[in-house]
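Structure file data10.txt (compact mmCIF, C-alpha atoms) follows.
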```txt
# COMPACT_ATOMS: atom_id res chain seq x y z
CA MET A 1 -80.99 161.79 208.56
CA PHE A 2 -80.16 163.66 205.36
CA PRO A 3 -79.15 161.04 202.81
CA VAL A 4 -79.40 163.48 199.94
CA CYS A 5 -76.44 165.45 201.28
CA PHE A 6 -74.01 162.56 200.96
CA MET A 7 -74.48 162.46 197.22
CA TYR A 8 -72.29 165.50 196.81
CA SER A 9 -68.75 166.51 197.72
CA GLN A 10 -68.18 168.40 200.97
CA SER A 11 -66.89 171.46 199.12
CA SER A 12 -70.16 171.95 197.26
CA LEU A 13 -72.49 171.12 200.14
CA GLN A 14 -72.79 174.67 201.38
CA GLN A 15 -73.73 176.07 197.96
CA LEU A 16 -76.13 173.25 197.34
CA LEU A 17 -78.00 174.02 200.52
CA LEU A 18 -78.19 177.64 199.44
CA HIS A 19 -79.96 176.63 196.25
CA PRO A 20 -83.72 177.31 196.69
CA LEU A 21 -84.84 173.88 195.47
CA ILE A 22 -82.38 171.98 197.67
CA PHE A 23 -83.15 174.19 200.63
CA ARG A 24 -86.91 173.60 200.34
CA THR A 25 -86.41 169.88 199.89
CA THR A 26 -84.13 169.65 202.91
CA LEU A 27 -86.56 171.67 205.01
CA VAL A 28 -89.43 169.42 204.06
CA LEU A 29 -87.37 166.34 204.92
CA ILE A 30 -86.60 167.74 208.36
CA ILE A 31 -90.28 168.42 208.95
CA SER A 32 -91.20 165.00 207.58
CA TYR A 33 -88.80 163.22 209.91
CA SER A 34 -90.14 165.17 212.86
CA LEU A 35 -93.72 164.29 211.88
CA PHE A 36 -92.71 160.67 211.54
CA LEU A 37 -91.71 160.66 215.22
CA LEU A 38 -94.94 162.32 216.30
CA CYS A 39 -97.68 161.42 213.84
CA PRO A 40 -99.26 158.27 212.37
CA TYR A 41 -97.49 156.92 209.34
CA HIS A 42 -100.21 157.64 206.81
CA TYR A 43 -99.80 161.39 207.30
CA ILE A 44 -96.14 161.05 206.37
CA LEU A 45 -97.00 159.07 203.25
CA LEU A 46 -99.55 161.67 202.28
CA LEU A 47 -96.94 164.40 202.65
CA MET A 48 -94.36 162.47 200.62
CA ASN A 49 -96.82 161.93 197.78
CA ARG A 50 -97.84 165.56 197.82
CA LEU A 51 -94.24 166.77 197.72
CA SER A 52 -93.42 164.36 194.92
CA SER A 53 -96.23 165.78 192.80
CA LEU A 54 -94.96 169.33 193.28
CA LEU A 55 -91.33 168.72 192.35
CA PRO A 56 -90.21 168.72 188.69
CA LYS A 57 -90.21 165.46 186.77
CA LYS A 58 -87.09 166.21 184.73
CA THR A 59 -83.53 165.85 186.06
CA THR A 60 -82.37 169.23 187.39
CA ASN A 61 -78.93 170.46 186.32
CA ILE A 62 -77.27 172.64 188.98
CA LYS A 63 -73.98 174.38 188.26
CA THR A 64 -71.81 175.56 191.15
CA SER A 65 -69.72 178.71 191.10
CA THR A 66 -66.58 176.88 192.11
CA SER A 67 -66.79 174.04 189.68
CA SER A 68 -67.68 173.60 186.08
CA SER A 69 -69.12 170.12 186.73
CA THR A 70 -72.84 169.49 186.41
CA ILE A 71 -74.67 167.90 189.33
CA ASN A 72 -77.56 165.56 188.45
CA HIS A 73 -80.15 165.88 191.20
CA ARG A 74 -83.25 163.65 191.22
CA PRO A 75 -85.49 164.86 194.05
CA ARG A 76 -88.44 162.69 192.98
CA HIS A 77 -86.35 159.54 193.17
CA ILE A 78 -85.10 160.42 196.66
CA LEU A 79 -88.60 161.16 197.91
CA SER A 80 -89.84 157.91 196.45
CA GLN A 81 -87.16 156.03 198.39
CA LEU A 82 -88.02 157.90 201.58
CA SER A 83 -91.71 157.14 201.08
CA SER A 84 -90.85 153.47 200.75
CA ILE A 85 -88.78 153.62 203.94
CA PHE A 86 -91.64 155.23 205.83
CA SER A 87 -94.02 152.62 204.45
CA PHE A 88 -91.68 149.84 205.59
CA PHE A 89 -91.48 151.12 209.18
CA SER A 90 -95.23 151.76 209.29
CA LEU A 91 -96.02 148.26 208.08
CA LYS A 92 -93.76 146.84 210.77
CA SER A 93 -95.86 148.59 213.40
CA THR A 94 -99.28 147.46 212.14
CA SER A 95 -101.32 144.94 214.08
CA SER A 96 -102.05 142.20 211.54
CA PRO A 97 -101.04 140.88 208.10
CA GLU A 98 -104.60 141.49 206.87
CA THR A 99 -104.29 145.18 207.73
CA ASN A 100 -100.93 145.37 205.97
CA MET A 101 -102.33 143.87 202.80
CA THR A 102 -105.30 146.22 202.91
CA ALA A 103 -103.02 149.25 203.19
CA MET A 104 -100.75 148.11 200.38
CA ASN A 105 -103.58 147.23 197.95
CA SER A 106 -106.11 149.98 198.68
CA THR A 107 -105.65 151.76 195.35
CA THR A 108 -105.89 148.53 193.37
CA SER A 109 -109.03 147.51 195.24
CA ASN A 110 -110.70 150.83 194.56
CA ASN A 111 -109.96 150.56 190.86
CA SER A 112 -111.21 146.97 190.75
CA SER A 113 -114.41 147.90 192.57
CA SER A 114 -115.05 150.71 190.13
CA SER A 115 -114.58 148.36 187.18
CA SER A 116 -116.87 145.76 188.74
CA ILE A 117 -119.62 148.32 189.15
CA HIS A 118 -119.48 149.08 185.43
CA ARG A 119 -119.47 145.38 184.56
CA ARG A 120 -122.42 144.56 186.81
CA GLN A 121 -124.83 147.23 185.67
CA LYS A 122 -128.43 146.36 186.48
CA PRO A 123 -130.69 145.65 183.50
CA LYS A 124 -133.08 148.37 182.44
CA LYS A 125 -136.47 148.32 184.13
CA LEU A 126 -139.64 148.35 182.09
CA VAL A 127 -143.32 147.58 182.58
CA VAL A 128 -145.23 145.23 180.24
CA VAL A 129 -149.02 145.55 180.02
CA MET A 130 -150.32 142.45 178.28
CA GLY A 131 -153.63 140.69 177.76
CA ALA A 132 -156.12 139.62 175.13
CA THR A 133 -157.49 142.07 172.59
CA GLY A 134 -160.14 144.35 174.09
CA SER A 135 -159.15 143.72 177.71
CA GLY A 136 -158.32 147.36 178.48
CA LYS A 137 -154.52 147.38 178.13
CA SER A 138 -154.38 150.81 176.48
CA LYS A 139 -156.72 152.36 179.04
CA LEU A 140 -154.71 150.97 181.96
CA SER A 141 -151.37 152.11 180.51
CA VAL A 142 -152.67 155.66 180.02
CA ASP A 143 -154.14 155.67 183.54
CA LEU A 144 -150.74 154.66 184.93
CA GLY A 145 -148.85 157.11 182.74
CA THR A 146 -151.01 160.14 183.55
CA ARG A 147 -151.73 159.64 187.24
CA PHE A 148 -148.98 157.56 188.83
CA PHE A 149 -145.92 157.55 186.58
CA PRO A 150 -145.88 160.81 184.58
CA ASN A 151 -142.44 160.04 183.16
CA SER A 152 -143.84 157.09 181.21
CA GLU A 153 -143.61 156.51 177.46
CA ILE A 154 -145.64 153.77 175.77
CA VAL A 155 -144.18 151.38 173.19
CA ASN A 156 -146.95 149.69 171.19
CA SER A 157 -146.47 145.93 170.81
CA ASP A 158 -149.54 145.17 168.69
CA LYS A 159 -148.27 143.77 165.41
CA ILE A 160 -151.15 145.24 163.37
CA GLN A 161 -151.35 148.65 165.02
CA VAL A 162 -147.74 149.35 164.04
CA TYR A 163 -148.91 150.02 160.44
CA ARG A 164 -150.29 153.26 159.06
CA GLY A 165 -153.96 153.25 158.12
CA LEU A 166 -157.26 151.61 159.15
CA ASP A 167 -157.20 153.31 162.55
CA ILE A 168 -160.79 152.29 163.32
CA ALA A 169 -160.52 148.70 162.06
CA THR A 170 -157.29 148.15 164.02
CA ASN A 171 -158.75 149.96 167.06
CA LYS A 172 -155.81 152.33 167.54
CA ILE A 173 -156.11 154.54 170.60
CA SER A 174 -157.05 158.09 169.55
CA MET A 175 -154.90 161.14 170.20
CA HIS A 176 -157.54 162.38 172.66
CA ASP A 177 -157.50 159.15 174.67
CA ARG A 178 -153.68 159.12 174.83
CA ARG A 179 -153.98 162.16 177.13
CA GLY A 180 -150.52 163.45 176.36
CA VAL A 181 -148.63 160.23 177.06
CA PRO A 182 -146.01 159.68 174.31
CA HIS A 183 -146.69 156.62 172.13
CA HIS A 184 -144.16 154.82 169.92
CA PHE A 185 -144.71 152.34 167.06
CA LEU A 186 -148.37 153.29 166.68
CA GLY A 187 -149.21 153.69 162.99
CA GLU A 188 -145.58 154.42 162.06
CA PHE A 189 -144.67 151.74 159.50
CA ASP A 190 -145.39 151.11 155.82
CA PRO A 191 -148.65 149.12 155.57
CA GLU A 192 -147.41 147.20 152.52
CA THR A 193 -144.27 145.78 154.15
CA GLU A 194 -143.95 143.01 156.71
CA PHE A 195 -142.82 144.21 160.13
CA THR A 196 -141.47 141.04 161.74
CA PRO A 197 -140.77 140.12 165.38
CA SER A 198 -137.06 140.44 164.59
CA ASP A 199 -137.66 143.99 163.34
CA PHE A 200 -139.55 144.77 166.52
CA ARG A 201 -136.76 143.33 168.69
CA GLU A 202 -134.17 145.53 167.02
CA LEU A 203 -136.08 148.81 166.78
CA ALA A 204 -137.95 148.57 170.07
CA SER A 205 -134.65 147.91 171.89
CA LYS A 206 -133.26 151.16 170.50
CA THR A 207 -136.43 153.04 171.46
CA ILE A 208 -136.29 151.66 175.00
CA ALA A 209 -132.66 152.79 175.28
CA GLN A 210 -133.69 156.29 174.21
CA ILE A 211 -136.55 156.36 176.71
CA THR A 212 -134.36 155.24 179.61
CA SER A 213 -131.66 157.75 178.59
CA ARG A 214 -134.30 160.43 179.22
CA ARG A 215 -134.84 158.84 182.66
CA ASN A 216 -138.37 157.88 181.62
CA LEU A 217 -140.20 154.61 182.20
CA PRO A 218 -140.95 152.40 179.15
CA LEU A 219 -144.40 150.79 179.11
CA ILE A 220 -144.64 147.95 176.58
CA VAL A 221 -148.33 147.69 175.71
CA GLY A 222 -150.02 145.32 173.28
CA GLY A 223 -151.57 141.93 172.68
CA SER A 224 -149.07 140.45 170.22
CA ASN A 225 -147.18 138.02 172.41
CA SER A 226 -144.84 137.09 169.57
CA PHE A 227 -143.61 140.70 169.60
CA ILE A 228 -143.36 140.77 173.39
CA TYR A 229 -141.40 137.53 173.43
CA SER A 230 -139.04 138.61 170.64
CA LEU A 231 -138.24 141.83 172.51
CA LEU A 232 -137.73 140.44 176.00
CA ALA A 233 -136.33 136.91 175.61
CA LYS A 234 -132.58 136.61 175.97
CA ARG A 235 -132.60 133.59 173.67
CA PHE A 236 -134.60 134.42 170.55
CA ASN A 237 -134.59 132.49 167.29
CA SER A 238 -136.62 134.08 164.52
CA GLU A 239 -136.94 130.67 162.83
CA THR A 240 -138.65 129.07 165.84
CA ASP A 241 -142.25 129.66 166.90
CA VAL A 242 -142.22 128.95 170.63
CA PHE A 243 -146.03 129.31 170.71
CA ASP A 244 -146.60 126.48 168.26
CA GLU A 245 -148.46 123.61 169.91
CA SER A 246 -145.82 121.17 168.71
CA SER A 247 -143.04 123.14 170.46
CA ALA A 248 -141.94 121.95 173.90
CA ILE A 249 -142.63 124.25 176.81
CA ASN A 250 -138.89 124.42 177.59
CA SER A 251 -138.32 126.06 174.20
CA VAL A 252 -139.65 129.27 175.77
CA SER A 253 -136.74 131.26 177.19
CA SER A 254 -137.25 132.19 180.83
CA GLU A 255 -134.17 134.43 180.80
CA LEU A 256 -135.03 138.04 179.96
CA ARG A 257 -132.94 140.90 178.61
CA TYR A 258 -134.62 143.46 180.87
CA SER A 259 -135.90 143.69 184.40
CA CYS A 260 -139.64 143.43 183.76
CA CYS A 261 -142.85 144.00 185.65
CA PHE A 262 -145.65 142.13 183.87
CA LEU A 263 -149.26 143.25 184.28
CA TRP A 264 -151.65 140.72 182.75
CA VAL A 265 -155.06 142.34 182.36
CA ASP A 266 -157.43 139.38 182.33
CA VAL A 267 -161.15 139.19 181.63
CA SER A 268 -163.26 136.05 181.85
CA LEU A 269 -163.51 134.76 178.29
CA PRO A 270 -167.36 134.64 178.06
CA ILE A 271 -167.59 138.24 179.31
CA LEU A 272 -164.76 139.31 177.01
CA ASN A 273 -166.41 137.67 173.98
CA GLU A 274 -169.64 139.50 174.70
CA TYR A 275 -167.75 142.77 174.98
CA LEU A 276 -165.82 142.13 171.73
CA ASP A 277 -169.07 141.57 169.82
CA LYS A 278 -170.33 144.88 171.12
CA ARG A 279 -167.06 146.59 170.26
CA VAL A 280 -167.23 145.46 166.62
CA ASP A 281 -170.70 147.03 166.35
CA GLU A 282 -169.35 150.28 167.84
CA MET A 283 -166.43 150.29 165.40
CA LEU A 284 -168.81 149.88 162.45
CA ASP A 285 -170.96 152.73 163.77
CA SER A 286 -167.80 154.87 164.04
CA GLY A 287 -166.92 154.50 160.34
CA MET A 288 -165.15 151.17 159.99
CA TYR A 289 -167.25 150.22 156.94
CA GLU A 290 -166.38 153.46 155.08
CA GLU A 291 -162.74 153.14 156.10
CA LEU A 292 -162.52 149.64 154.62
CA GLU A 293 -164.30 150.73 151.46
CA GLU A 294 -161.72 153.48 150.93
CA TYR A 295 -158.93 151.01 151.63
CA PHE A 296 -160.07 148.60 148.87
CA ALA A 297 -160.72 151.46 146.46
CA ARG A 298 -157.09 152.49 146.94
CA GLU A 299 -155.37 149.09 147.28
CA GLY A 300 -157.64 146.91 145.15
CA PHE A 301 -158.58 143.30 145.81
CA ALA A 302 -156.37 140.25 146.16
CA GLU A 303 -156.31 137.93 143.17
CA SER A 304 -157.74 135.09 145.25
CA GLU A 305 -158.86 134.41 148.80
CA SER A 306 -155.89 132.06 149.25
CA ALA A 307 -153.41 134.80 148.32
CA SER A 308 -151.16 135.61 151.26
CA ARG A 309 -151.41 139.14 152.59
CA THR A 310 -148.70 141.24 154.19
CA GLY A 311 -148.65 144.15 156.55
CA LEU A 312 -151.96 145.86 157.13
CA GLY A 313 -153.73 143.33 154.90
CA LYS A 314 -153.65 140.85 157.81
CA ALA A 315 -155.86 143.03 160.00
CA ILE A 316 -159.15 141.48 161.07
CA GLY A 317 -161.82 143.07 158.91
CA VAL A 318 -159.79 143.21 155.70
CA PRO A 319 -160.30 139.64 154.39
CA GLU A 320 -163.85 139.43 155.78
CA PHE A 321 -165.05 142.61 154.09
CA GLU A 322 -163.01 141.95 150.97
CA ARG A 323 -165.37 139.06 150.18
CA TYR A 324 -168.32 141.34 150.83
CA PHE A 325 -167.13 144.19 148.57
CA LYS A 326 -166.29 141.74 145.80
CA ARG A 327 -169.91 140.59 145.85
CA VAL A 328 -171.72 143.92 146.18
CA GLY A 329 -169.10 146.17 144.61
CA LEU A 330 -167.55 149.32 145.99
CA GLY A 331 -170.32 151.79 146.62
CA GLY A 332 -172.90 149.00 146.37
CA GLY A 333 -173.08 149.24 142.59
CA ALA A 334 -173.07 145.52 141.83
CA ASP A 335 -176.19 143.74 140.76
CA GLY A 336 -178.20 141.92 143.37
CA SER A 337 -181.14 142.42 145.64
CA GLU A 338 -180.98 144.43 148.86
CA VAL A 339 -181.66 141.25 150.78
CA GLU A 340 -178.60 139.56 149.31
CA LYS A 341 -176.46 142.60 150.09
CA ARG A 342 -177.74 142.71 153.66
CA LEU A 343 -177.06 139.00 154.13
CA SER A 344 -173.54 139.45 152.74
CA TYR A 345 -172.98 142.35 155.14
CA GLU A 346 -174.20 140.36 158.12
CA GLU A 347 -171.97 137.46 157.09
CA ALA A 348 -168.94 139.76 157.00
CA VAL A 349 -169.75 141.26 160.41
CA LYS A 350 -170.26 137.83 161.91
CA ALA A 351 -166.91 136.67 160.54
CA VAL A 352 -165.18 139.73 162.04
CA LYS A 353 -166.70 139.00 165.46
CA GLU A 354 -165.83 135.30 165.35
CA ASN A 355 -162.25 135.92 164.24
CA THR A 356 -161.81 138.59 166.93
CA CYS A 357 -162.96 136.17 169.64
CA THR A 358 -160.71 133.46 168.20
CA LEU A 359 -157.78 135.88 168.34
CA ALA A 360 -158.50 136.65 172.00
CA LYS A 361 -158.56 132.94 172.85
CA ARG A 362 -155.22 132.34 171.08
CA GLN A 363 -153.65 135.31 172.85
CA LEU A 364 -154.71 133.96 176.25
CA GLU A 365 -153.22 130.57 175.40
CA LYS A 366 -149.89 132.21 174.52
CA ILE A 367 -149.87 134.24 177.74
CA GLN A 368 -150.51 131.07 179.73
CA ARG A 369 -147.62 129.39 177.92
CA LEU A 370 -145.29 132.20 179.01
CA LYS A 371 -146.52 131.88 182.59
CA ASP A 372 -146.02 128.10 182.56
CA ALA A 373 -142.46 128.68 181.29
CA GLY A 374 -141.66 130.75 184.39
CA TRP A 375 -142.49 134.32 183.41
CA ASP A 376 -143.57 136.22 186.52
CA LEU A 377 -146.94 137.58 185.38
CA HIS A 378 -149.12 139.61 187.76
CA LYS A 379 -152.71 138.76 186.87
CA ILE A 380 -155.13 141.68 187.23
CA ASP A 381 -158.75 140.51 187.02
CA ALA A 382 -160.89 143.12 185.25
CA THR A 383 -163.95 140.87 184.80
CA GLU A 384 -166.20 142.71 187.26
CA ALA A 385 -165.43 146.07 185.68
CA PHE A 386 -166.40 144.70 182.26
CA ARG A 387 -169.49 143.01 183.66
CA ALA A 388 -170.65 146.33 185.11
CA ALA A 389 -169.86 148.17 181.88
CA MET A 390 -172.05 145.78 179.91
CA GLY A 391 -175.11 147.06 181.81
CA MET A 392 -175.31 150.07 179.49
CA THR A 393 -176.93 152.38 182.06
CA SER A 394 -175.59 155.58 183.60
CA ASP A 395 -175.48 154.01 187.07
CA SER A 396 -173.69 150.91 185.85
CA GLY A 397 -171.27 153.12 183.93
CA LYS A 398 -170.29 154.99 187.07
CA ARG A 399 -170.11 151.72 188.98
CA ALA A 400 -167.92 150.23 186.25
CA SER A 401 -165.55 153.18 186.53
CA ASP A 402 -165.29 152.73 190.30
CA ILE A 403 -164.67 149.00 189.97
CA TRP A 404 -162.03 149.58 187.29
CA GLU A 405 -160.29 152.03 189.60
CA LYS A 406 -160.42 149.79 192.66
CA MET A 407 -159.75 146.39 191.10
CA VAL A 408 -157.49 147.25 188.15
CA VAL A 409 -155.77 150.63 188.36
CA GLU A 410 -154.89 150.77 192.07
CA PRO A 411 -153.52 147.20 192.31
CA SER A 412 -151.50 147.74 189.12
CA ALA A 413 -150.02 150.99 190.44
CA LYS A 414 -149.00 149.30 193.70
CA ILE A 415 -147.31 146.45 191.83
CA VAL A 416 -145.35 148.85 189.60
CA LYS A 417 -144.32 151.08 192.52
CA ARG A 418 -143.03 148.08 194.45
CA PHE A 419 -141.16 146.93 191.34
CA LEU A 420 -139.50 150.32 190.82
CA MET A 421 -138.41 150.50 194.46
CA GLU A 422 -136.65 147.10 194.35
```
What would you get if you wrote out this structure as C-alpha cells?
Amino acid sequence: MFPVCFMYSQSSLQQLLLHPLIFRTTLVLIISYSLFLLCPYHYILLLMNRLSSLLPKKTTNIKTSTSSSTINHRPRHILSQLSSIFSFFSLKSTSSPETNMTAMNSTTSNNSSSSSIHRRQKPKKLVVVMGATGSGKSKLSVDLGTRFFPNSEIVNSDKIQVYRGLDIATNKISMHDRRGVPHHFLGEFDPETEFTPSDFRELASKTIAQITSRRNLPLIVGGSNSFIYSLLAKRFNSETDVFDESSAINSVSSELRYSCCFLWVDVSLPILNEYLDKRVDEMLDSGMYEELEEYFAREGFAESESASRTGLGKAIGVPEFERYFKRVGLGGGADGSEVEKRLSYEEAVKAVKENTCTLAKRQLEKIQRLKDAGWDLHKIDATEAFRAAMGMTSDSGKRASDIWEKMVVEPSAKIVKRFLME
C-alpha cells in the first residue's frame, strides 16, 4: 500500500513521515488509493498527473537528526510508477481493445489532428469579375462592394489600366464612381516600363494576402485574361501563351491557386460593338483628344510605326492618334487643308473603334477557352440592360437601370453569397 516507505530503514521511517513533503505525499497516496476503490480510473490518473506537476523536479536531499547520511527521495518517479500501475489496472477493466488504444493514444491523436488542420488550410476565397471591354465589369464590382459586400477591395486586372496616365483613353473608373471601394493596381505603375503577367502574379498575390489578412474580400476585376490566368493558375509558365491558337486546349491549367467565384459579364457582341462605338465618341467628348495631344507633346513620337511600344504606349488610341498628330502636327500647326485634317481625324477615330471591337472579340475568345478548359464561369447576361441603355431616352435609362439591377446585380450577388457560404 505504501511502497515509498520500504525505501528507507525502519529507524528513520518515523522522522521521514514527520517531514512535511513526505507527509503530504503519503496522505495523497492514501486518498488516491481510496479513490481508486471508489471512482473511475481516469479521475485517479488526473490526480496523479496533477500531483506530479506540483512536486519538485529536482532530487530532494533530506537529512535526519539521527544519521549523517543523505536520503535521495524522488517523489515524481514514484508517482509516475503509481500512475502506470493505475493505468494498467484500468486498462484491464475496459470493454474493448479499441477503447484501450483510444485511451492510450488520445494525446497523440489530438496533436496529430491539430497539425493536420494547419496542413489542410482551405485556399483563400476571391471573386473574379471578368468580361470583354465595356461590358460593365467595373460598375458591377462597385455595386457588389457598396451594397452587398462592404468589406470588398478591388484588384484591377486590366493590363493597360495599371499604368499612370491617359485616364480617359484607358477608361479608368473615376474616383467618384469608385464610391469609396478601395482599388489596387489602378494607375500605379511606371508608364514607360513593361508590367508583365509574371509581375502581376507576384504582386497581386501579395496584395490578395494583405486583403485577406484584413478579413476583406478580394474582387479581381478586369478584361486582361492573360493577367487573370497568370494570377490564378497553379501551373503558370511565363514563356507559354496558353491563349495562342496553336496551343492545345489542355495547355490551360484547370487547377487554381485560390478558391474562386467567376462572374462573366457577357453582352451580345453586336450590341456590345454598338455600345463601344458610342463609348469612344463619349471619351473624345470628355477630353481624350486633348489628353493624347499632351501625351505626345511630352513623350514624343516613335521613330517608325513598326517600332515596338511598351507600357502605356500599347493603349488603344496611342498608335492611332500618333499617325494623326504626325500628319497635322501638335496643335494643328502643320500645313494642309481643313478637309484633310478632318479626314485624318475621322480615320483615327474609326481605327480606335475598330481596334476596340477587335479587342472585345479576342477577349471573349480567351474567356471561352478558359471555360472549355474547365474553369467554372458563371455567365451573367447583361445584353438587355445594354439594349435598353442604347435607347438614349430618360424612360429607357430608368428601364435600363432596373434591368441591370434585376438581371445582373441581383443574380451576381446571390452567386457570390452562395460561394462565400460554402
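If you count only C-alpha atoms and ignore residues fewer than 5 places along the chain from Arg214 (chain A), what sits within 10 Å of it is A:Asn151, A:Ile208, A:Ala209.
Distances from A:Glu274, A:Glu384, A:Glu422, A:Asp244 to Glu405 (chain A) were compared using all atoms listed in the file, and the smallest one belongs to A:Glu384.
For the pair CA of Ala373 (chain A) and CA of Asn250 (chain A), the interatomic distance is 6.7 Å.
Separating CA of Thr358 (chain A) from CA of Asn273 (chain A) is a distance of 9.1 Å.
With all atoms listed in the file as the basis for measurement, A:Glu346 is the residue among A:Leu144, A:Glu346, A:Phe236, A:Glu303 that approaches Leu284 (chain A) most closely.
Straight-line separation from CA of Glu340 (chain A) to CA of Thr356 (chain A): 24.4 Å.
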Find the nearest atom pair between each residue of region 252-357 of chain A and region 168-177 of chain A for residues within 10 Å, count only C-alpha atoms, give distances in Å to one decimal, sort rows by chain and ascending number, and present the table as a tab-separated table.
```
residue	atom	partner	partner_atom	distance
A:Arg279	CA	A:Asn171	CA	9.5
A:Val280	CA	A:Ala169	CA	8.7
A:Glu282	CA	A:Ile168	CA	9.9
A:Met283	CA	A:Ile168	CA	6.3
A:Leu284	CA	A:Ala169	CA	8.4
A:Ser286	CA	A:Ile168	CA	7.5
A:Gly287	CA	A:Ile168	CA	7.2
A:Met288	CA	A:Ile168	CA	5.6
A:Tyr289	CA	A:Ala169	CA	8.6
A:Glu291	CA	A:Ile168	CA	7.5
A:Leu292	CA	A:Ala169	CA	7.8
A:Leu312	CA	A:Thr170	CA	9.0
A:Ala315	CA	A:Thr170	CA	6.7
A:Ile316	CA	A:Ala169	CA	7.4
A:Gly317	CA	A:Ala169	CA	6.6
A:Val318	CA	A:Ala169	CA	8.4
```
Using only C-alpha atoms, list the residues that have an atom at most 8 Å from (-169.7, 144.8, 175.8), coordinates as in the file, as a ChimeraX atom specification. /A:271-272,274-279,386,389-390
Once 8 Å is added on each side, what are the centre and the three edge lengths, in Å to one decimal, of the axis-aligned box enclosing the listed atoms of region 314-330 of chain A? Present them as lines of an AutoDock Vina configuration file.
```
center_x = -162.7
center_y = 144.2
center_z = 152.8
size_x = 34.1
size_y = 26.3
size_z = 32.5
```
Please provide as a PyMOL selection string all residues within 10 Å of Ile403 (chain A), with the sequence filter that same-chain residues fewer than 3 positions apart are discarded (counting only C-alpha atoms). chain A and resi 382-389+397-400+406-409
Would you write out those residues with C-alpha atoms, as a PDB file, keeping the file's coordinate frame?
```
ATOM      1  CA  ALA A 382    -160.890 143.120 185.250  1.00  0.00           C
ATOM      2  CA  THR A 383    -163.950 140.870 184.800  1.00  0.00           C
ATOM      3  CA  GLU A 384    -166.200 142.710 187.260  1.00  0.00           C
ATOM      4  CA  ALA A 385    -165.430 146.070 185.680  1.00  0.00           C
ATOM      5  CA  PHE A 386    -166.400 144.700 182.260  1.00  0.00           C
ATOM      6  CA  ARG A 387    -169.490 143.010 183.660  1.00  0.00           C
ATOM      7  CA  ALA A 388    -170.650 146.330 185.110  1.00  0.00           C
ATOM      8  CA  ALA A 389    -169.860 148.170 181.880  1.00  0.00           C
ATOM      9  CA  GLY A 397    -171.270 153.120 183.930  1.00  0.00           C
ATOM     10  CA  LYS A 398    -170.290 154.990 187.070  1.00  0.00           C
ATOM     11  CA  ARG A 399    -170.110 151.720 188.980  1.00  0.00           C
ATOM     12  CA  ALA A 400    -167.920 150.230 186.250  1.00  0.00           C
ATOM     13  CA  LYS A 406    -160.420 149.790 192.660  1.00  0.00           C
ATOM     14  CA  MET A 407    -159.750 146.390 191.100  1.00  0.00           C
ATOM     15  CA  VAL A 408    -157.490 147.250 188.150  1.00  0.00           C
ATOM     16  CA  VAL A 409    -155.770 150.630 188.360  1.00  0.00           C
TER      17      VAL A 409
END
```
Excluding region 161-165 of chain A and any residue of its chain fewer than 3 positions from it, enumerate the residues within 6 Å of it, using all atoms listed in the file, and give them as an MDAnalysis selection string. chainID A and resid 158 185:191
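Closest approach to Glu255 (chain A) from the set A:Ile160, A:Ile380, A:Leu269, A:Leu232 is made by A:Leu232, with distances taken over all atoms listed in the file.
Minimum atom-to-atom distance to Glu347 (chain A), evaluated using all atoms listed in the file, belongs to A:Phe321 out of A:Val155, A:Phe321, A:Ser253, A:Thr146.
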Excluding region 131-134 of chain A and any residue of its chain fewer than 2 positions from it, enumerate the residues within 6 Å of it, using only C-alpha atoms, and give them as a ChimeraX atom specification. /A:136,223,264-265,360,363-364
Can you tell me which residues surround Glu322 (chain A) at a distance of at most 12 Å, considering all atoms listed in the file, apart from same-chain residues fewer than 5 positions away, and format the answer as a PyMOL selection string? chain A and resi 289+292-297+299-305+313-317+327-330+344-345+347-349+351-352
